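Shown below: model.txt, with compact mmCIF, C-alpha atoms.
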# COMPACT_ATOMS: atom_id res chain seq x y z
CA ALA J 1 51.41 -5.52 -15.12
CA ALA J 2 51.27 -8.50 -17.48
CA LEU J 3 48.46 -6.91 -19.48
CA ALA J 4 50.36 -3.62 -19.74
CA LEU J 5 53.45 -5.46 -20.98
CA LEU J 6 51.31 -7.29 -23.54
CA VAL J 7 49.86 -3.99 -24.80
CA ALA J 8 53.36 -2.52 -25.13
CA MET J 9 54.55 -5.52 -27.13
CA LEU J 10 51.49 -5.35 -29.37
CA GLY J 11 52.21 -1.68 -29.94
CA VAL J 12 55.70 -2.59 -31.17
CA LEU J 13 54.42 -5.37 -33.43
CA THR J 14 51.59 -3.33 -34.93
CA LYS J 15 53.59 -0.06 -35.09
CA LEU J 16 51.08 1.71 -32.84
CA TYR J 17 53.84 3.54 -31.02
CA LEU J 18 51.52 5.95 -29.21
CA ILE J 19 50.17 3.19 -26.97
CA ILE J 20 53.63 2.07 -25.84
CA PRO J 21 54.49 4.92 -23.38
CA PRO J 22 51.12 4.70 -21.51
CA ALA J 23 51.49 0.91 -21.32
CA LEU J 24 55.00 1.26 -19.87
CA VAL J 25 53.75 3.79 -17.33
CA VAL J 26 50.97 1.40 -16.25
CA LEU J 27 53.52 -1.42 -16.07
CA ALA J 28 55.83 0.60 -13.84
CA GLY J 29 52.94 1.66 -11.60
CA ALA J 30 51.68 -1.91 -11.24
CA VAL J 31 55.13 -3.21 -10.35
CA LEU J 32 55.66 -0.43 -7.81
CA ARG J 33 52.26 -1.07 -6.24
CA TRP J 34 53.12 -4.74 -5.95
CA LEU J 35 56.42 -3.89 -4.27
CA TYR J 36 54.77 -1.73 -1.60
CA PRO J 37 53.08 -3.83 1.06
CA ALA J 38 50.61 -2.17 3.40
CA THR J 39 52.50 -0.56 6.27
CA GLY J 40 49.81 -1.59 8.76
CA SER J 41 50.01 -5.27 7.87
CA LEU J 42 53.80 -5.11 8.10
CA MET J 43 53.63 -3.74 11.62
CA GLU J 44 51.13 -6.44 12.60
CA ARG J 45 53.28 -9.21 11.17
CA SER J 46 56.41 -7.84 12.85
CA GLU J 47 54.71 -8.35 16.20
CA ASP J 48 53.73 -11.93 15.41
CA LYS J 49 55.27 -14.44 17.83
CA VAL J 50 56.16 -16.88 15.07
CA VAL J 51 58.00 -14.18 13.12
CA LYS J 52 59.92 -13.08 16.19
CA ALA J 53 60.83 -16.64 17.08
CA SER J 54 62.03 -17.50 13.58
CA GLY J 55 64.39 -14.54 13.36
CA LEU J 56 63.67 -14.26 9.63
CA PRO J 57 63.17 -10.83 8.03
CA LEU J 58 59.75 -9.87 6.73
CA LEU J 59 61.24 -7.93 3.86
CA VAL J 60 64.35 -8.75 1.89
CA THR J 61 66.38 -6.53 -0.41
CA GLY J 62 69.29 -6.86 -2.76
CA PRO J 63 70.24 -10.30 -4.13
CA ARG J 64 67.94 -12.01 -1.62
CA SER J 65 64.90 -10.48 -3.32
CA ILE J 66 63.13 -12.07 -6.29
CA ALA J 67 62.23 -8.61 -7.59
CA TRP J 68 65.92 -7.63 -7.56
CA TRP J 69 66.79 -10.62 -9.74
CA GLY J 70 63.74 -9.98 -11.90
CA MET J 71 64.95 -6.44 -12.62
CA ARG J 72 68.43 -7.74 -13.39
CA CYS J 73 67.07 -10.27 -15.88
CA PHE J 74 64.77 -7.66 -17.44
CA LEU J 75 67.69 -5.28 -17.97
CA ILE J 76 69.80 -8.08 -19.43
CA VAL J 77 67.07 -8.71 -22.02
CA LEU J 78 66.94 -5.00 -22.88
CA GLY J 79 70.72 -4.89 -23.08
CA VAL J 80 70.89 -7.84 -25.48
CA ALA J 81 68.20 -6.29 -27.69
CA THR J 82 70.04 -2.96 -27.76
CA ALA J 83 73.38 -4.65 -28.49
CA THR J 84 71.77 -6.49 -31.41
CA LEU J 85 70.56 -3.23 -32.94
CA ILE J 86 73.99 -1.65 -32.47
CA PHE J 87 75.59 -4.66 -34.19
CA CYS J 88 73.18 -4.16 -37.11
CA TYR J 89 74.17 -0.49 -37.26
CA PHE J 90 77.89 -1.20 -37.57
CA TYR J 91 77.32 -4.14 -39.91
CA LEU J 92 75.44 -1.80 -42.21
CA ARG J 93 78.20 0.77 -41.87
CA LEU J 94 80.80 -1.83 -42.88
CA PHE J 95 79.18 -2.41 -46.29
CA SER J 96 78.08 1.15 -47.06
CA PRO J 97 80.45 3.16 -49.29
CA LEU J 98 78.85 6.40 -48.10
CA TRP J 99 77.97 7.08 -44.47
CA PRO J 100 75.41 8.31 -43.56
CA GLN J 101 73.71 6.64 -46.49
CA GLU J 102 72.59 8.69 -49.49
CA GLY J 103 74.28 11.78 -48.16
CA ALA J 104 72.03 12.22 -45.15
CA ALA J 105 73.04 15.03 -42.83
CA MET J 106 75.63 14.21 -40.18
CA PRO J 107 74.04 14.06 -36.71
CA GLU J 108 74.48 17.08 -34.48
CA PHE J 109 75.01 16.31 -30.83
CA ALA J 110 74.21 19.54 -28.97
CA ARG J 111 70.72 18.48 -27.84
CA SER J 112 71.55 14.79 -27.48
CA GLY J 113 74.72 15.64 -25.53
CA THR J 114 72.69 17.71 -23.09
CA ALA J 115 70.23 14.83 -22.71
CA LEU J 116 73.15 12.50 -21.98
CA VAL J 117 74.41 14.81 -19.23
CA LEU J 118 70.92 14.89 -17.71
CA LEU J 119 70.68 11.09 -17.83
CA THR J 120 74.00 10.85 -16.01
CA ILE J 121 72.79 13.29 -13.35
CA ALA J 122 69.58 11.28 -12.98
CA ALA J 123 71.53 8.04 -12.50
CA ILE J 124 73.83 9.60 -9.89
CA ALA J 125 70.90 11.17 -8.04
CA GLY J 126 69.00 7.85 -8.09
CA THR J 127 72.02 6.07 -6.60
CA LEU J 128 72.33 8.69 -3.84
CA ALA J 129 68.61 8.38 -3.09
CA CYS J 130 69.04 4.62 -2.80
CA ARG J 131 72.03 4.80 -0.46
CA HIS J 132 70.85 7.63 1.79
CA GLY J 133 67.06 7.78 1.34
CA ASN J 134 67.47 11.41 0.33
CA THR J 135 64.23 13.00 -0.90
CA PHE J 136 66.00 15.84 -2.69
CA ALA J 137 68.18 13.39 -4.60
CA LEU J 138 65.10 11.48 -5.70
CA ARG J 139 63.39 14.67 -6.87
CA LEU J 140 66.56 15.63 -8.76
CA ASN J 141 66.53 12.14 -10.29
CA LEU J 142 62.95 12.65 -11.46
CA GLY J 143 63.49 16.18 -12.75
CA ALA J 144 66.67 15.38 -14.67
CA GLY J 145 65.08 12.28 -16.18
CA ALA J 146 61.98 14.18 -17.29
CA ALA J 147 64.10 16.95 -18.84
CA ALA J 148 66.20 14.38 -20.70
CA LEU J 149 63.02 12.73 -21.97
CA VAL J 150 61.75 16.02 -23.42
CA LEU J 151 65.08 16.67 -25.17
CA LEU J 152 65.18 13.16 -26.66
CA ILE J 153 61.63 13.46 -27.99
CA LEU J 154 62.48 16.81 -29.59
CA GLU J 155 65.67 15.32 -31.01
CA ARG J 156 63.80 12.52 -32.73
CA ARG J 157 61.11 14.85 -34.09
CA GLU J 158 63.69 17.19 -35.62
CA LEU J 159 66.01 14.63 -37.20
CA PRO J 160 66.79 15.71 -40.79
CA PHE J 161 65.98 12.27 -42.21
CA SER J 162 63.02 9.92 -41.87
CA ALA J 163 62.98 6.32 -40.74
CA GLN J 164 61.72 5.23 -44.17
CA ALA J 165 64.40 6.95 -46.27
CA THR J 166 67.30 4.53 -45.76
CA ALA J 167 68.36 1.58 -43.62
CA TYR J 168 70.59 4.03 -41.73
CA GLY J 169 67.60 6.25 -40.96
CA SER J 170 65.56 3.25 -39.85
CA LEU J 171 68.22 2.06 -37.40
CA PHE J 172 68.87 5.59 -36.14
CA HIS J 173 65.20 6.19 -35.37
CA THR J 174 64.79 2.73 -33.86
CA LEU J 175 67.67 3.21 -31.44
CA ILE J 176 66.48 6.67 -30.44
CA VAL J 177 62.96 5.35 -29.82
CA ALA J 178 64.41 2.51 -27.75
CA LEU J 179 66.29 4.99 -25.56
CA ILE J 180 63.16 7.12 -25.21
CA GLY J 181 61.29 4.02 -24.08
CA TYR J 182 63.93 3.29 -21.44
CA VAL J 183 63.74 6.86 -20.15
CA VAL J 184 59.92 6.79 -20.07
CA LEU J 185 59.99 3.58 -18.03
CA ALA J 186 62.65 4.84 -15.63
CA THR J 187 60.97 8.23 -15.16
CA ALA J 188 57.59 6.62 -14.48
CA PHE J 189 59.20 4.26 -11.98
CA THR J 190 60.90 7.16 -10.20
CA GLY J 191 57.67 9.16 -10.18
CA VAL J 192 55.83 6.42 -8.32
CA VAL J 193 58.68 6.05 -5.81
CA ALA J 194 58.75 9.81 -5.21
CA PHE J 195 54.97 9.88 -4.81
CA GLN J 196 55.22 7.29 -2.04
CA LYS J 197 57.46 9.61 0.03
CA SER J 198 60.84 8.11 -0.56
CA ARG J 199 62.40 8.76 2.82
CA GLU J 200 59.65 6.95 4.70
CA VAL J 201 59.67 4.12 2.21
CA ALA J 202 63.43 3.72 2.45
CA GLN J 203 63.13 3.15 6.18
CA VAL J 204 60.48 0.46 5.69
CA MET J 205 61.47 -1.13 2.40
CA PRO J 206 64.47 0.11 0.40
CA LEU J 207 63.93 -2.37 -2.45
CA PRO J 208 62.02 0.10 -4.73
CA LEU J 209 64.85 2.60 -4.36
CA GLN J 210 67.38 -0.10 -5.23
CA LEU J 211 65.43 -1.06 -8.35
CA ASN J 212 65.08 2.60 -9.30
CA ALA J 213 68.84 3.16 -9.04
CA MET J 214 69.52 -0.01 -11.02
CA LEU J 215 67.12 1.03 -13.77
CA TRP J 216 68.63 4.51 -14.08
CA ARG J 217 72.19 3.22 -14.19
CA PHE J 218 71.21 0.97 -17.07
CA THR J 219 69.40 3.83 -18.85
CA ALA J 220 72.34 6.20 -18.50
CA GLY J 221 74.74 3.48 -19.66
CA ALA J 222 72.58 2.78 -22.69
CA GLY J 223 72.49 6.52 -23.38
CA VAL J 224 76.29 6.75 -23.36
CA ILE J 225 76.68 3.78 -25.72
CA LEU J 226 74.01 5.04 -28.13
CA PHE J 227 75.50 8.54 -28.11
CA LEU J 228 78.92 7.14 -29.04
CA THR J 229 77.35 4.93 -31.71
CA LEU J 230 74.93 7.33 -33.37
CA TYR J 231 76.51 10.74 -32.88
CA LEU J 232 80.27 10.31 -32.55
CA SER J 233 81.10 7.23 -34.62
CA PRO J 234 80.11 8.85 -37.99
CA TYR J 235 82.80 11.47 -37.38
CA LEU J 236 85.43 8.94 -36.28
CA LEU J 237 84.87 5.92 -38.53

Could you write out this file's structure as structure tokens?
Amino acid sequence: AALALLVAMLGVLTKLYLIIPPALVVLAGAVLRWLYPATGSLMERSEDKVVKASGLPLLVTGPRSIAWWGMRCFLIVLGVATATLIFCYFYLRLFSPLWPQEGAAMPEFARSGTALVLLTIAAIAGTLACRHGNTFALRLNLGAGAAALVLLILERRELPFSAQATAYGSLFHTLIVALIGYVVLATAFTGVVAFQKSREVAQVMPLPLQLNAMLWRFTAGAGVILFLTLYLSPYLL
């Protein structure tokens, strides 16, 4: 997991963006594998006399889990980074007499709006899967997230301006790529959870489902904020 994170960061620093999605997928898989203890060893430990006498749980979830707090801190870091980029966007807007800069085409929000709806559906489905261990909800979460990812990639490829043309174009592309990265990470995480048969896992260890729901709520929230910033604010401000 640490090596995959290092590769992703190097991809950002060296502008080798193609290596970032595979690194994030490996990172998500490594974290999920770490979160899934062997069911056999869990059953053996649950029968241990010391464990029974102590009355302490073998597995903890929610705020009692280190992984839960780790995910929270990770999302806070992503949130601060995204907020910084959004601040730069509006700071640039404040001192630009023409917006978008150099007469760039106004953003159209048909495709991005559809992606936002799909991200919202994915977040709701992930929350339902967490609360009820529902396999269908988890599959809906995965399908909606994957569809949103495809739409966002197409949206970036077909933008009518490049990232090198203006500072506006650079920030626009950067924020879209950031959102794509969040969706890639969340979709990969959900894929691993779904592969491990979510209903059975939820009965043994609901923590992965909790982290999945948390990650998707953040991703959908980031999608809403970026949609308002990039696609609606040029028409309103």

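Closest approach to Leu78 (chain J) among J:Val31, J:Leu128, J:Leu140, J:Ala178 is made by J:Ala178 (distances from all atoms listed in the file).
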
Just give me the gap between CA of Val183 (chain J) and CA of Leu149 (chain J) in Å, one decimal is fine.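 According to the coordinates, CA of Val183 (chain J) and CA of Leu149 (chain J) are separated by 6.2 Å.
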
Tell me which of J:Met106, J:Cys88, J:Ala220, J:Leu154 sits closest to Ile124 (chain J), counting only C-alpha atoms.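 Answer, going by the shortest atom-to-atom distance: J:Ala220.
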
Considering all atoms listed in the file, return as a ChimeraX atom specification whatever protein or nucleic-acid residues lie within 9 Å of Ala125 (chain J), sequence-local ones (same chain, fewer than 4 positions apart) excluded. /J:120-121,129-130,136-142,144,213

Spatial neighbours of region 226-228 of chain J, 12 Å, all atoms listed in the file, chain gap at least 4 places, as a PyMOL selection string: chain J and resi 79+82-83+85-87+89-90+107-117+119+152+171-180+219-222+232-237

Could you write out as JSON the box around region 113-120 of chain J (axis-aligned, all atoms listed in the file, 3 Å on each side), with centre and edge lengths in Å to one decimal?
{"center_x": 72.5, "center_y": 14.3, "center_z": -20.8, "size_x": 10.5, "size_y": 12.9, "size_z": 15.5}

Point-to-point distance in Å for CA of Arg64 (chain J) and CA of Ala188 (chain J): 24.9 Å

What's the separation between CA of Arg217 (chain J) and CA of Ala194 (chain J), in Å to one decimal place?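 These atoms are spaced 17.5 Å apart.
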
Applying 12 Å and only C-alpha atoms, which residues near Leu98 (chain J) remain after dropping the ones on its own chain fewer than 4 positions away? List them as a PyMOL selection string. chain J and resi 92-94+102-106+166+168+234+237

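Proximity of J:Val7, J:Ala146, J:Leu209, J:Met214 to Gly133 (chain J), computed with all atoms listed in the file, is greatest for J:Leu209.
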
Check the smallest atom-to-atom distance from each of J:Leu18, J:Ala1, J:Leu6, J:Leu215 to Thr127 (chain J) using all atoms listed in the file, then report the winner.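 Looking at the shortest contact to Thr127 (chain J), the residue is J:Leu215.
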
Would you mind completing region 8-20 of chain J so that it carries N, CA, C and O atoms, and writing it out as a PDB file, keeping the file's coordinate frame?
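Final output, rebuild_10.pdb:
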ATOM      1  N   ALA J   8      52.140  -3.144 -24.607  1.00  0.00           N
ATOM      2  CA  ALA J   8      53.360  -2.520 -25.130  1.00  0.00           C
ATOM      3  C   ALA J   8      53.966  -3.348 -26.257  1.00  0.00           C
ATOM      4  O   ALA J   8      54.394  -2.803 -27.284  1.00  0.00           O
ATOM      5  N   MET J   9      53.997  -4.658 -26.093  1.00  0.00           N
ATOM      6  CA  MET J   9      54.550  -5.520 -27.130  1.00  0.00           C
ATOM      7  C   MET J   9      53.693  -5.489 -28.392  1.00  0.00           C
ATOM      8  O   MET J   9      54.207  -5.478 -29.513  1.00  0.00           O
ATOM      9  N   LEU J  10      52.373  -5.458 -28.211  1.00  0.00           N
ATOM     10  CA  LEU J  10      51.490  -5.350 -29.370  1.00  0.00           C
ATOM     11  C   LEU J  10      51.682  -4.028 -30.092  1.00  0.00           C
ATOM     12  O   LEU J  10      51.589  -3.961 -31.323  1.00  0.00           O
ATOM     13  N   GLY J  11      51.946  -2.973 -29.317  1.00  0.00           N
ATOM     14  CA  GLY J  11      52.210  -1.680 -29.940  1.00  0.00           C
ATOM     15  C   GLY J  11      53.456  -1.717 -30.813  1.00  0.00           C
ATOM     16  O   GLY J  11      53.487  -1.124 -31.891  1.00  0.00           O
ATOM     17  N   VAL J  12      54.480  -2.446 -30.368  1.00  0.00           N
ATOM     18  CA  VAL J  12      55.700  -2.590 -31.170  1.00  0.00           C
ATOM     19  C   VAL J  12      55.404  -3.390 -32.442  1.00  0.00           C
ATOM     20  O   VAL J  12      55.816  -3.023 -33.546  1.00  0.00           O
ATOM     21  N   LEU J  13      54.678  -4.499 -32.293  1.00  0.00           N
ATOM     22  CA  LEU J  13      54.420  -5.370 -33.430  1.00  0.00           C
ATOM     23  C   LEU J  13      53.510  -4.733 -34.473  1.00  0.00           C
ATOM     24  O   LEU J  13      53.664  -4.960 -35.676  1.00  0.00           O
ATOM     25  N   THR J  14      52.549  -3.942 -34.005  1.00  0.00           N
ATOM     26  CA  THR J  14      51.590  -3.330 -34.930  1.00  0.00           C
ATOM     27  C   THR J  14      51.954  -1.898 -35.312  1.00  0.00           C
ATOM     28  O   THR J  14      51.194  -1.245 -36.017  1.00  0.00           O
ATOM     29  N   LYS J  15      53.105  -1.409 -34.800  1.00  0.00           N
ATOM     30  CA  LYS J  15      53.590  -0.060 -35.090  1.00  0.00           C
ATOM     31  C   LYS J  15      52.660   1.031 -34.571  1.00  0.00           C
ATOM     32  O   LYS J  15      52.617   2.136 -35.100  1.00  0.00           O
ATOM     33  N   LEU J  16      51.911   0.700 -33.519  1.00  0.00           N
ATOM     34  CA  LEU J  16      51.080   1.710 -32.840  1.00  0.00           C
ATOM     35  C   LEU J  16      51.897   2.275 -31.678  1.00  0.00           C
ATOM     36  O   LEU J  16      51.663   1.968 -30.511  1.00  0.00           O
ATOM     37  N   TYR J  17      52.857   3.114 -32.011  1.00  0.00           N
ATOM     38  CA  TYR J  17      53.840   3.540 -31.020  1.00  0.00           C
ATOM     39  C   TYR J  17      53.243   4.440 -29.938  1.00  0.00           C
ATOM     40  O   TYR J  17      53.821   4.559 -28.848  1.00  0.00           O
ATOM     41  N   LEU J  18      52.101   5.055 -30.198  1.00  0.00           N
ATOM     42  CA  LEU J  18      51.520   5.950 -29.210  1.00  0.00           C
ATOM     43  C   LEU J  18      51.005   5.210 -27.979  1.00  0.00           C
ATOM     44  O   LEU J  18      50.875   5.808 -26.905  1.00  0.00           O
ATOM     45  N   ILE J  19      50.693   3.927 -28.124  1.00  0.00           N
ATOM     46  CA  ILE J  19      50.170   3.190 -26.970  1.00  0.00           C
ATOM     47  C   ILE J  19      51.290   2.616 -26.107  1.00  0.00           C
ATOM     48  O   ILE J  19      51.033   2.140 -24.993  1.00  0.00           O
ATOM     49  N   ILE J  20      52.529   2.674 -26.596  1.00  0.00           N
ATOM     50  CA  ILE J  20      53.630   2.070 -25.840  1.00  0.00           C
ATOM     51  C   ILE J  20      53.964   2.849 -24.569  1.00  0.00           C
ATOM     52  O   ILE J  20      54.037   2.252 -23.490  1.00  0.00           O
TER      53      ILE J  20
END
